[in-house]
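Participant: Just coords33.cif, nothing more (mmCIF, C-alpha atoms; chains and numbers go by the auth columns):
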```cif
data_upload
#
loop_
_atom_site.group_PDB
_atom_site.id
_atom_site.type_symbol
_atom_site.label_atom_id
_atom_site.label_comp_id
_atom_site.label_asym_id
_atom_site.label_seq_id
_atom_site.Cartn_x
_atom_site.Cartn_y
_atom_site.Cartn_z
_atom_site.B_iso_or_equiv
_atom_site.auth_seq_id
_atom_site.auth_asym_id
ATOM 1 C CA MET A 1 21.026 14.174 3.371 0.00 1 A
ATOM 2 C CA ARG A 2 20.377 11.755 6.223 0.00 2 A
ATOM 3 C CA VAL A 3 23.390 11.059 8.476 0.00 3 A
ATOM 4 C CA LEU A 4 23.903 8.580 11.329 0.00 4 A
ATOM 5 C CA LEU A 5 26.568 9.611 13.842 0.00 5 A
ATOM 6 C CA ILE A 6 27.576 6.646 15.999 0.00 6 A
ATOM 7 C CA GLY A 7 29.281 7.697 19.223 0.00 7 A
ATOM 8 C CA ALA A 8 28.060 11.286 19.263 0.00 8 A
ATOM 9 C CA SER A 9 28.458 11.655 23.021 0.00 9 A
ATOM 10 C CA GLY A 10 32.180 10.887 23.058 0.00 10 A
ATOM 11 C CA PHE A 11 35.090 13.302 22.663 0.00 11 A
ATOM 12 C CA ILE A 12 35.402 13.034 18.867 0.00 12 A
ATOM 13 C CA GLY A 13 31.689 12.506 18.238 0.00 13 A
ATOM 14 C CA SER A 14 30.749 15.640 20.171 0.00 14 A
ATOM 15 C CA LYS A 15 33.185 17.696 18.073 0.00 15 A
ATOM 16 C CA VAL A 16 31.683 16.264 14.869 0.00 16 A
ATOM 17 C CA LEU A 17 28.224 17.022 16.267 0.00 17 A
ATOM 18 C CA ASP A 18 29.199 20.667 16.729 0.00 18 A
ATOM 19 C CA LEU A 19 30.247 20.939 13.072 0.00 19 A
ATOM 20 C CA ILE A 20 27.252 19.319 11.356 0.00 20 A
ATOM 21 C CA PRO A 21 25.510 21.839 9.055 0.00 21 A
ATOM 22 C CA ALA A 22 21.906 22.733 9.859 0.00 22 A
ATOM 23 C CA ASN A 23 20.606 21.328 6.555 0.00 23 A
ATOM 24 C CA ILE A 24 21.670 17.769 7.497 0.00 24 A
ATOM 25 C CA GLU A 25 19.084 15.398 8.982 0.00 25 A
ATOM 26 C CA LEU A 26 21.148 13.924 11.792 0.00 26 A
ATOM 27 C CA VAL A 27 20.507 10.947 14.052 0.00 27 A
ATOM 28 C CA ALA A 28 23.101 10.787 16.831 0.00 28 A
ATOM 29 C CA THR A 29 23.738 7.766 19.045 0.00 29 A
ATOM 30 C CA TYR A 30 25.038 7.477 22.575 0.00 30 A
ATOM 31 C CA TYR A 31 25.528 4.638 25.036 0.00 31 A
ATOM 32 C CA THR A 32 25.772 6.057 28.559 0.00 32 A
ATOM 33 C CA ASN A 33 26.407 9.802 28.259 0.00 33 A
ATOM 34 C CA LYS A 34 23.328 11.515 26.927 0.00 34 A
ATOM 35 C CA ILE A 35 23.809 14.117 24.221 0.00 35 A
ATOM 36 C CA ARG A 36 23.119 17.747 24.994 0.00 36 A
ATOM 37 C CA PRO A 37 20.078 19.081 23.125 0.00 37 A
ATOM 38 C CA LYS A 38 20.783 20.375 19.611 0.00 38 A
ATOM 39 C CA ASN A 39 17.409 19.824 17.965 0.00 39 A
ATOM 40 C CA ILE A 40 18.503 16.417 16.671 0.00 40 A
ATOM 41 C CA VAL A 41 17.171 12.901 17.014 0.00 41 A
ATOM 42 C CA THR A 42 19.125 10.820 19.532 0.00 42 A
ATOM 43 C CA LYS A 43 19.124 7.071 20.069 0.00 43 A
ATOM 44 C CA ARG A 44 20.750 4.893 22.696 0.00 44 A
ATOM 45 C CA LEU A 45 22.945 2.256 21.043 0.00 45 A
ATOM 46 C CA ASP A 46 25.249 -0.387 22.504 0.00 46 A
ATOM 47 C CA ILE A 47 27.579 -1.159 19.615 0.00 47 A
ATOM 48 C CA LEU A 48 28.968 -4.199 21.466 0.00 48 A
ATOM 49 C CA ASP A 49 25.566 -5.908 21.646 0.00 49 A
ATOM 50 C CA LYS A 50 26.000 -9.072 19.577 0.00 50 A
ATOM 51 C CA THR A 51 22.260 -9.323 18.917 0.00 51 A
ATOM 52 C CA LEU A 52 22.119 -6.047 16.960 0.00 52 A
ATOM 53 C CA ASN A 53 20.905 -6.239 13.390 0.00 53 A
ATOM 54 C CA TRP A 54 23.275 -3.750 11.749 0.00 54 A
ATOM 55 C CA ASN A 55 21.379 -3.891 8.453 0.00 55 A
ATOM 56 C CA GLU A 56 18.324 -2.457 10.214 0.00 56 A
ATOM 57 C CA ILE A 57 20.376 0.154 12.068 0.00 57 A
ATOM 58 C CA ILE A 58 22.104 1.605 9.002 0.00 58 A
ATOM 59 C CA GLU A 59 19.202 1.287 6.576 0.00 59 A
ATOM 60 C CA GLY A 60 18.048 4.577 5.075 0.00 60 A
ATOM 61 C CA TYR A 61 21.137 6.685 5.766 0.00 61 A
ATOM 62 C CA ASP A 62 23.170 8.437 3.072 0.00 62 A
ATOM 63 C CA CYS A 63 26.224 8.697 5.308 0.00 63 A
ATOM 64 C CA ILE A 64 27.382 6.936 8.484 0.00 64 A
ATOM 65 C CA ILE A 65 30.050 8.453 10.710 0.00 65 A
ATOM 66 C CA ILE A 66 31.570 6.154 13.312 0.00 66 A
ATOM 67 C CA ALA A 67 33.207 8.132 16.105 0.00 67 A
ATOM 68 C CA ALA A 68 32.964 5.434 18.772 0.00 68 A
#
```
Can the structure in the file be given as structure tokens, please?
Facilitator:
Amino acid sequence: MRVLLIGASGFIGSKVLDLIPANIELVATYYTNKIRPKNIVTKRLDILDKTLNWNEIIEGYDCIIIAA
């Protein structure tokens, strides 16, 4: 399963990040606070950027968790 965790560097997102099972392919996003290494893919994302193409961002994920 491929999961996108938006806001992984925040208080709630970091707790979710700690609980993700190892068999999940996780992509975690942050804006300013980088995410501590956990053998996951991380991406910088400004969710307030009005030029974002959300269709491109969420394409290909089975589950999206928004913790921002």
Participant: On this structure, the PyMOL selection byres ((chain A and resi 63) around 12) would catch which residues? List them as a list in words, sorted by chain and number.
Facilitator: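 Applied to this file, the PyMOL selection byres ((chain A and resi 63) around 12) selects Met1, Arg2, Val3, Leu4, Leu5, Ile6, Ile24, Glu25, Leu26, Val27, Ile58, Glu59, Gly60, Tyr61, Asp62, Ile64, Ile65 and Ile66 of chain A.
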Participant: Using all atoms listed in the file, which residue out of A:Asn55, A:Ala68, A:Arg36, A:Asn23 lies closest to Phe11 (chain A)?
Facilitator: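 Counting all atoms listed in the file, the residue closest to Phe11 (chain A) is A:Ala68.
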Participant: How would you write, as a ChimeraX atom specification, the residues chosen by the PyMOL selection byres ((chain A and resi 10) around 10) on this structure?
Facilitator: /A:6-9,11-17,29-35,67-68
Participant: For the atom pair CA of Ala28 (chain A) and CA of Leu52 (chain A), what is the interatomic distance in Å to one decimal place?
Facilitator: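 Those two atoms sit 16.9 Å apart.
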Participant: What gap, in Å, lies between CA of Ala22 (chain A) and CA of Asn53 (chain A)?
Facilitator: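 About the pair CA of Ala22 (chain A) and CA of Asn53 (chain A): they are 29.2 Å apart.
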Participant: Please measure the separation of CA of Glu56 (chain A) and CA of Leu19 (chain A), giving the value in Å to one decimal.
Facilitator: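 Between CA of Glu56 (chain A) and CA of Leu19 (chain A) the gap is 26.4 Å.
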Participant: Let me have the centre and edge lengths in Å, one decimal, of the box along x, y and z around every listed atom of region 53-56 of chain A with 6 Å of margin on each side, as lines of an AutoDock Vina configuration file.
Facilitator:
```
center_x = 20.8
center_y = -4.3
center_z = 10.9
size_x = 17.0
size_y = 15.8
size_z = 16.9
```
